[in-house]
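Below is one structure, written out as structure tokens, with a few remarks after it.
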Amino acid sequence: MTRQSIFITGAASGIGKATALQFHARGWFVGATDVDAQGLSKLADELNHDCFTAELDVTDKTAFDAVMADFSVLTDHRLNILFNNAGIAVFGFLDEVPFEKVIATVNVNLIGVLNGIHAGIELLKQTPNALCFTTSSSAASFGTPGMAAYGATKVAVKGLTEAMSVELARFGARAADVSPGIIDTPLWQNGERFVRGEHRPIRNLPELNRDRTDAGRTVSASAVAESVWAAYQGDRLHWYVPPEVVERDRAKALDPERLRDELIAQQKK
């Protein structure tokens, strides 16, 4: 196969689906995986079945290796972009969230990314200018109250990206990540929320933030997909959607205690 290829986890909806559609429209061969078999089937229809799809739980390393091997047969064992995008979010104070939900968050958002990199690294190593790309979050800029485990995994992802950007350079490959803010995706509409251990509905954050004009404004999933394309063309390590999200990174570097105190004050209101 001479077409460039991208392998996407969490591709059945949101950012993953938007990325699959954009890259396919540019002529790329798309490998799309998710735990949502029905969503993958709908995506395959939209791509005219000119793609590879597989149901995959990213926490299952053996399954990840097998799916990647099947995908590689169709791409002559090459991979231009590995997009570790699958993620889950559980809302609630850490002491009020069932611990199994905390561990599930770590397993999907961090262990799943490590599984993906380990499964795809040989393909990246033998593909010129390959990119290992991962979805981080604006929650990685400063630990987000009510999303402690989620934020911790996304901080870890950024550190992993930095290390891999150096390690992969040995083979002419690269690594980068994106930190999205409030994106109009199911993650921010249907995520789990716990209050004193009881399951509660979450607020529709994209709808609540739709009229904002600052870094907290709602952004489309396609905007994040565009950053994947930009990252492949460019050399930046960390990408932010919207761009103003980076301002919190800079503020934390200058005075993390001030940010902490502001958040504590907001919590008391």
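Just remember, in the structure tokens the first chain shown is A, the second B, etc., residues are 1-based per chain, and ligands are 1-based in the order shown.
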- Task: Skip Leu131 in chain A itself and residues of its chain fewer than 3 positions away, then list as JSON, numbers by chain all residues within 12 Å of it, counting only C-alpha atoms.
- Result: {"A": [4, 5, 6, 7, 78, 79, 80, 81, 82, 83, 84, 117, 120, 121, 123, 124, 125, 126, 127, 128, 134, 161, 164, 165, 168, 169, 171, 172, 173, 174, 175, 176, 177, 228, 229, 230, 231, 232, 233, 234, 235, 236, 237]}
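For Gly146 in chain A, the residues within 10 Å (counting only C-alpha atoms, excluding itself and residues fewer than 4 positions away along the chain) are Val90, Phe91, Gly92, Phe93, Leu94, Asp95, Glu96, Val97, Tyr150, Gly151, Arg193, Phe194 and Val195 of chain A.
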- helix (DSSP H, G or I) residues, from DSSP on the backbone, in range 36-258 of chain A, as a count of residues only: 117
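Rounded to one decimal, CA of Thr59 in chain A and CA of Ile202 in chain A lie 25.0 Å from each other.
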Skipping near chain neighbours, those fewer than 5 positions away, what residues fall within 6 Å of Ala32 in chain A using only C-alpha atoms, listed as a CSV table (one decimal) with C-alpha atoms, in the first residue's frame?
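The resulting file, selection29.csv, is reproduced below:
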```
chain,number,residue,atom,x,y,z
A,8,ILE,CA,-7.1,5.8,15.8
A,11,ALA,CA,-12.7,6.4,16.8
A,53,THR,CA,-12.3,-1.2,11.9
```
- Spatial neighbours of Ala18 in chain A, 7 Å, only C-alpha atoms, chain gap at least 2 places, as an MDAnalysis selection string: chainID A and resid 14:16 20:22 221:222 225
Export of prior selection with C-alpha atoms as a short mmCIF file (atom, residue, chain, number, x, y, z; two decimals), in the first residue's frame:
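What follows is the written file selection_11.cif:
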```
data_model
loop_
_atom_site.label_atom_id
_atom_site.label_comp_id
_atom_site.auth_asym_id
_atom_site.auth_seq_id
_atom_site.Cartn_x
_atom_site.Cartn_y
_atom_site.Cartn_z
CA GLY A 14 -16.14 12.68 19.01
CA ILE A 15 -12.53 13.59 18.28
CA GLY A 16 -11.63 10.14 16.99
CA ALA A 20 -11.05 9.57 10.83
CA LEU A 21 -13.34 11.54 8.53
CA GLN A 22 -10.81 14.32 7.94
CA ALA A 221 -14.31 17.92 17.58
CA SER A 222 -13.21 18.77 14.03
CA ALA A 225 -8.85 16.74 14.33
#
```
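When CA of Arg196 in chain A is paired with CA of Ile264 in chain A, their separation reads 19.4 Å.
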- Message: Please identify the strand (DSSP E or B) residues within range 10-196 of chain A (assignment by DSSP from backbone atoms) and present them as a ChimeraX atom specification.
- Response: /A:29-34,52-55,81-84,90-91,131-135,174-180,182-183,192-195
- Task: Would you list the contacts of Gly10 in chain A as a PyMOL selection string, taking every protein, DNA or RNA residue within 12 Å and counting only C-alpha atoms, but skipping same-chain residues closer than 3 positions in sequence?
- Result: chain A and resi 7+13-20+31-37+39-40+43+53-58+83-88+108-109+112-113+116+134-135+185-187
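In terms of minimum interatomic distance to Ser220 in chain A, A:Ile183 ranks closest within A:Ile183, A:Ala152, A:Val102, A:Ala66, counting only C-alpha atoms.
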- Message: Env of Arg248 in chain A: 10 Å cut, atoms = only C-alpha atoms, seq-sep filter 4 positions within chain, self excluded. Answer as a list in words.
- Response: Ser138, Ala139, Ala140, Ser141, Phe142, Ala215, Glu244, Lys252, Ala253, Leu254, Pro256 and Leu259 of chain A
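Coordinates place CA of Phe29 in chain A at a distance of 20.3 Å from CA of Ala223 in chain A.
Restricting the calculation to only C-alpha atoms, the smallest distance between Pro180 in chain A and any of A:Glu122, A:Asp211, A:Asp255, A:Glu226 is found for A:Glu226.
Checking A:Ala44, A:Leu110, A:Ala265, A:Cys51 one by one against Val30 in chain A, counting only C-alpha atoms, you find the shortest gap at A:Cys51.
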- Pick from A:Asp50, A:Glu162, A:Asp249, A:Glu100: nearest to Trp28 in chain A, with only C-alpha atoms counted? A:Asp50
